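final.pdb, holding PDB, C-alpha atoms, pLDDT in the B column:
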```
ATOM      1  CA  MET A  91      36.930  57.976  62.192  1.00 73.00           C
ATOM      2  CA  ASP A  92      35.478  58.078  58.685  1.00 91.00           C
ATOM      3  CA  LYS A  93      32.689  55.475  58.236  1.00 92.00           C
ATOM      4  CA  LYS A  94      33.855  54.493  54.752  1.00 94.00           C
ATOM      5  CA  PHE A  95      37.368  53.837  56.055  1.00 94.00           C
ATOM      6  CA  LEU A  96      35.920  51.782  58.910  1.00 93.00           C
ATOM      7  CA  TYR A  97      33.915  49.632  56.474  1.00 94.00           C
ATOM      8  CA  GLU A  98      37.027  49.115  54.347  1.00 94.00           C
ATOM      9  CA  GLN A  99      38.931  47.956  57.431  1.00 93.00           C
ATOM     10  CA  LYS A 100      36.127  45.577  58.377  1.00 93.00           C
ATOM     11  CA  ALA A 101      36.095  44.183  54.825  1.00 94.00           C
ATOM     12  CA  GLN A 102      39.847  43.501  55.063  1.00 94.00           C
ATOM     13  CA  ILE A 103      39.315  41.593  58.293  1.00 94.00           C
ATOM     14  CA  PHE A 104      36.507  39.510  56.801  1.00 94.00           C
ATOM     15  CA  LYS A 105      38.641  38.793  53.720  1.00 95.00           C
ATOM     16  CA  ALA A 106      41.377  37.486  56.008  1.00 95.00           C
ATOM     17  CA  LEU A 107      38.843  35.304  57.807  1.00 94.00           C
ATOM     18  CA  ALA A 108      37.364  33.976  54.547  1.00 95.00           C
ATOM     19  CA  ASN A 109      39.588  30.910  54.560  1.00 96.00           C
ATOM     20  CA  PRO A 110      39.010  27.705  56.567  1.00 95.00           C
ATOM     21  CA  VAL A 111      42.692  27.303  57.503  1.00 97.00           C
ATOM     22  CA  ARG A 112      42.898  30.866  58.786  1.00 97.00           C
ATOM     23  CA  LEU A 113      39.728  30.325  60.799  1.00 95.00           C
ATOM     24  CA  GLU A 114      41.268  27.203  62.321  1.00 96.00           C
ATOM     25  CA  ILE A 115      44.342  29.207  63.258  1.00 97.00           C
ATOM     26  CA  ILE A 116      42.237  31.947  64.871  1.00 96.00           C
ATOM     27  CA  ASP A 117      40.262  29.327  66.770  1.00 94.00           C
ATOM     28  CA  PHE A 118      43.483  27.640  67.940  1.00 96.00           C
ATOM     29  CA  LEU A 119      45.007  30.960  69.039  1.00 96.00           C
ATOM     30  CA  ALA A 120      41.899  31.703  71.105  1.00 93.00           C
ATOM     31  CA  ASP A 121      43.465  29.455  73.766  1.00 91.00           C
ATOM     32  CA  GLY A 122      46.574  31.631  73.939  1.00 94.00           C
ATOM     33  CA  GLU A 123      49.878  32.401  72.317  1.00 96.00           C
ATOM     34  CA  LYS A 124      51.415  29.670  70.146  1.00 97.00           C
ATOM     35  CA  CYS A 125      54.537  29.247  68.022  1.00 94.00           C
ATOM     36  CA  VAL A 126      54.342  28.288  64.345  1.00 93.00           C
ATOM     37  CA  CYS A 127      55.463  24.730  65.031  1.00 92.00           C
ATOM     38  CA  GLU A 128      52.673  24.235  67.607  1.00 96.00           C
ATOM     39  CA  ILE A 129      50.079  25.547  65.157  1.00 97.00           C
ATOM     40  CA  ALA A 130      51.316  23.360  62.292  1.00 95.00           C
ATOM     41  CA  ASP A 131      51.434  20.244  64.496  1.00 96.00           C
ATOM     42  CA  ALA A 132      48.007  20.799  66.028  1.00 97.00           C
ATOM     43  CA  LEU A 133      46.233  21.628  62.768  1.00 97.00           C
ATOM     44  CA  HIS A 134      48.103  19.070  60.626  1.00 96.00           C
ATOM     45  CA  TYR A 135      49.208  21.447  57.875  1.00 95.00           C
ATOM     46  CA  GLU A 136      52.656  22.019  56.427  1.00 94.00           C
ATOM     47  CA  GLN A 137      54.597  24.824  58.105  1.00 92.00           C
ATOM     48  CA  PRO A 138      54.855  26.978  54.917  1.00 94.00           C
ATOM     49  CA  HIS A 139      51.056  26.862  54.529  1.00 95.00           C
ATOM     50  CA  ILE A 140      50.603  27.943  58.143  1.00 96.00           C
ATOM     51  CA  SER A 141      53.183  30.720  57.754  1.00 94.00           C
ATOM     52  CA  LYS A 142      51.423  32.066  54.666  1.00 96.00           C
ATOM     53  CA  SER A 143      48.099  32.066  56.500  1.00 97.00           C
ATOM     54  CA  LEU A 144      49.630  33.745  59.543  1.00 97.00           C
ATOM     55  CA  LEU A 145      50.984  36.503  57.311  1.00 97.00           C
ATOM     56  CA  LYS A 146      47.506  37.210  55.919  1.00 97.00           C
ATOM     57  CA  LEU A 147      46.046  37.330  59.436  1.00 97.00           C
ATOM     58  CA  LYS A 148      48.849  39.604  60.611  1.00 96.00           C
ATOM     59  CA  GLU A 149      48.396  41.957  57.647  1.00 95.00           C
ATOM     60  CA  ALA A 150      44.711  42.264  58.580  1.00 95.00           C
ATOM     61  CA  GLY A 151      45.694  43.144  62.143  1.00 94.00           C
ATOM     62  CA  LEU A 152      44.016  40.084  63.634  1.00 96.00           C
ATOM     63  CA  ILE A 153      47.150  38.596  65.174  1.00 97.00           C
ATOM     64  CA  GLY A 154      50.393  39.862  66.597  1.00 97.00           C
ATOM     65  CA  GLN A 155      53.765  38.219  66.881  1.00 96.00           C
ATOM     66  CA  ARG A 156      56.802  38.207  69.101  1.00 96.00           C
ATOM     67  CA  LYS A 157      60.127  36.553  68.548  1.00 95.00           C
ATOM     68  CA  GLU A 158      61.935  34.570  71.210  1.00 94.00           C
ATOM     69  CA  GLY A 159      65.206  33.095  70.027  1.00 94.00           C
ATOM     70  CA  LEU A 160      64.491  31.215  66.820  1.00 92.00           C
ATOM     71  CA  ASN A 161      60.765  30.850  67.554  1.00 92.00           C
ATOM     72  CA  VAL A 162      58.036  33.260  66.524  1.00 94.00           C
ATOM     73  CA  TYR A 163      54.950  33.285  68.753  1.00 96.00           C
ATOM     74  CA  TYR A 164      51.538  34.447  67.556  1.00 97.00           C
ATOM     75  CA  SER A 165      48.550  35.662  69.520  1.00 97.00           C
ATOM     76  CA  LEU A 166      45.175  37.246  68.868  1.00 96.00           C
ATOM     77  CA  GLN A 167      45.041  41.022  68.807  1.00 95.00           C
ATOM     78  CA  PHE A 168      41.303  41.159  69.503  1.00 89.00           C
ATOM     79  CA  GLY A 169      40.077  39.577  72.708  1.00 84.00           C
ATOM     80  CA  CYS A 170      36.569  39.448  71.283  1.00 89.00           C
ATOM     81  CA  MET A 171      37.498  36.942  68.546  1.00 88.00           C
ATOM     82  CA  ARG A 172      36.832  34.006  70.873  1.00 87.00           C
ATOM     83  CA  GLU A 173      33.320  35.282  71.599  1.00 89.00           C
ATOM     84  CA  PHE A 174      32.729  36.087  67.932  1.00 89.00           C
ATOM     85  CA  LEU A 175      33.671  32.551  66.850  1.00 87.00           C
ATOM     86  CA  HIS A 176      31.612  31.044  69.669  1.00 88.00           C
ATOM     87  CA  CYS A 177      28.624  33.119  68.539  1.00 89.00           C
ATOM     88  CA  LEU A 178      29.060  31.851  64.967  1.00 86.00           C
ATOM     89  CA  ASP A 179      29.398  28.253  66.157  1.00 87.00           C
ATOM     90  CA  THR A 180      26.184  28.552  68.152  1.00 88.00           C
ATOM     91  CA  ALA A 181      24.264  30.198  65.309  1.00 87.00           C
ATOM     92  CA  LEU A 182      25.457  27.607  62.775  1.00 86.00           C
ATOM     93  CA  SER A 183      24.630  24.719  65.116  1.00 86.00           C
ATOM     94  CA  GLU A 184      21.114  26.052  65.624  1.00 80.00           C
ATOM     95  CA  LYS A 185      20.693  26.559  61.872  1.00 74.00           C
ATOM     96  CA  SER A 186      21.867  23.001  61.242  1.00 73.00           C
ATOM     97  CA  LEU A 187      19.308  21.649  63.722  1.00 66.00           C
ATOM     98  CA  GLN A 188      16.517  23.613  62.078  1.00 73.00           C
ATOM     99  CA  GLU A 189      17.509  22.372  58.626  1.00 71.00           C
ATOM    100  CA  THR A 190      17.353  18.729  59.688  1.00 67.00           C
ATOM    101  CA  LYS A 191      13.797  19.233  60.962  1.00 64.00           C
ATOM    102  CA  ALA A 192      12.454  20.892  57.787  1.00 54.00           C
ATOM    103  CA  PRO A 193      13.599  20.409  54.193  1.00 51.00           C
ATOM    104  CA  ARG A 194      15.168  23.428  52.559  1.00 49.00           C
ATOM    105  CA  ALA A 195      13.392  24.995  49.615  1.00 45.00           C
ATOM    106  CA  VAL A 196      16.749  26.041  48.175  1.00 44.00           C
ATOM    107  CA  ASN A 197      17.842  22.414  47.759  1.00 45.00           C
ATOM    108  CA  PHE A 198      14.568  21.590  46.062  1.00 42.00           C
ATOM    109  CA  LEU A 199      14.892  24.534  43.671  1.00 41.00           C
ATOM    110  CA  CYS A 200      18.499  23.716  42.857  1.00 44.00           C
ATOM    111  CA  LYS A 201      17.614  20.093  42.106  1.00 46.00           C
ATOM    112  CA  ARG A 202      14.740  21.190  39.878  1.00 42.00           C
ATOM    113  CA  LYS A 203      16.942  23.618  37.948  1.00 42.00           C
ATOM    114  CA  THR A 204      19.679  21.025  37.558  1.00 41.00           C
ATOM    115  CA  LYS A 205      17.189  18.391  36.390  1.00 39.00           C
ATOM    116  CA  ASN A 206      15.622  20.781  33.869  1.00 36.00           C
ATOM    117  CA  PHE A 207      19.037  21.875  32.670  1.00 35.00           C
ATOM    118  CA  PHE A 208      20.088  18.305  31.890  1.00 36.00           C
ATOM    119  CA  GLU A 209      16.715  17.332  30.383  1.00 37.00           C
ATOM    120  CA  ASN A 210      16.994  20.134  27.813  1.00 38.00           C
ATOM    121  CA  LYS A 211      20.356  18.902  26.540  1.00 36.00           C
TER     122      LYS A 211
END
```

Target encoding structure tokens, full file:
Amino acid sequence: MDKKFLYEQKAQIFKALANPVRLEIIDFLADGEKCVCEIADALHYEQPHISKSLLKLKEAGLIGQRKEGLNVYYSLQFGCMREFLHCLDTALSEKSLQETKAPRAVNFLCKRKTKNFFENK
């Protein structure tokens, strides 16, 4: 497979994941197949918002669907998504712990720039 094509495919997947609601859906589907109504109820979003997000995830190839009667059931297409999200959760938790122990230079610099910006006006 062409490397450039592979990077384009990866970028499409990350674009689909670059939304908090879609990440919640992926996280919820990590426990198994769910219908739209279950997802909407569990995540406390309106059904049309969930459906729109599911479409984006499906277009990226992250989830699959099957229809049973009037219900549409969604599931993850990649078994490794659960591990990927767990890895991110762990890394972000560790980063958060480190940040509480030592002040961040970025916050200091941003505050200085903001202060200087307003003082010049």

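Atom pair atom CA of Glu114 of chain A / atom CA of Gln137 of chain A: separated by 14.2 Å.
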
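All residues of protein, DNA or RNA that reach within 12 Å of Ser143 of chain A, judged by only C-alpha atoms and not counting those fewer than 4 positions away in the chain, are Lys105, Ala106, Leu107, Ala108, Asn109, Pro110, Val111, Arg112, Leu113, Glu114, Ile115, Ile116, Val126, Ile129, Ala130, Tyr135, Glu136, Gln137, Pro138, His139, Leu147, Lys148, Glu149, Ala150, Leu152, Ile153 and Tyr164 of chain A.
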
field: Neighbour list for Phe174 of chain A as an MDAnalysis selection string, cut-off 12 Å, all atoms listed in the file, skip fewer than 5 positions in-chain
entry: chainID A and resid 107 113 116:117 120 168:169 179:181

query: Residues at most 12 Å from Glu128 of chain A, counting all atoms listed in the file, excluding those fewer than 3 positions away in the same chain, as number ranges by chain?
result: A: 115, 118-119, 122-125, 131-137, 140-141, 161-164

- prompt: With distances taken over all atoms listed in the file, which of A:Glu189, A:Ala101, A:Asp121, A:Gln155 is nearest to Glu173 of chain A?
  reply: A:Asp121

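The coordinates place atom CA of Leu166 of chain A at 10.9 Å from atom CA of Leu144 of chain A.
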
- prompt: Quick one: distance from atom CA of Leu145 of chain A to atom CA of Ile103 of chain A in Å, one decimal?
  reply: 12.8 Å

Might I get the box with edges along x, y and z of the file that holds all atoms of segment 168-187 of chain A listed there, padded by 4 Å on every side, given as centre and edge lengths in Å to one decimal, as lines of an AutoDock Vina configuration file?
```
center_x = 30.3
center_y = 31.4
center_z = 67.0
size_x = 30.0
size_y = 27.5
size_z = 19.5
```
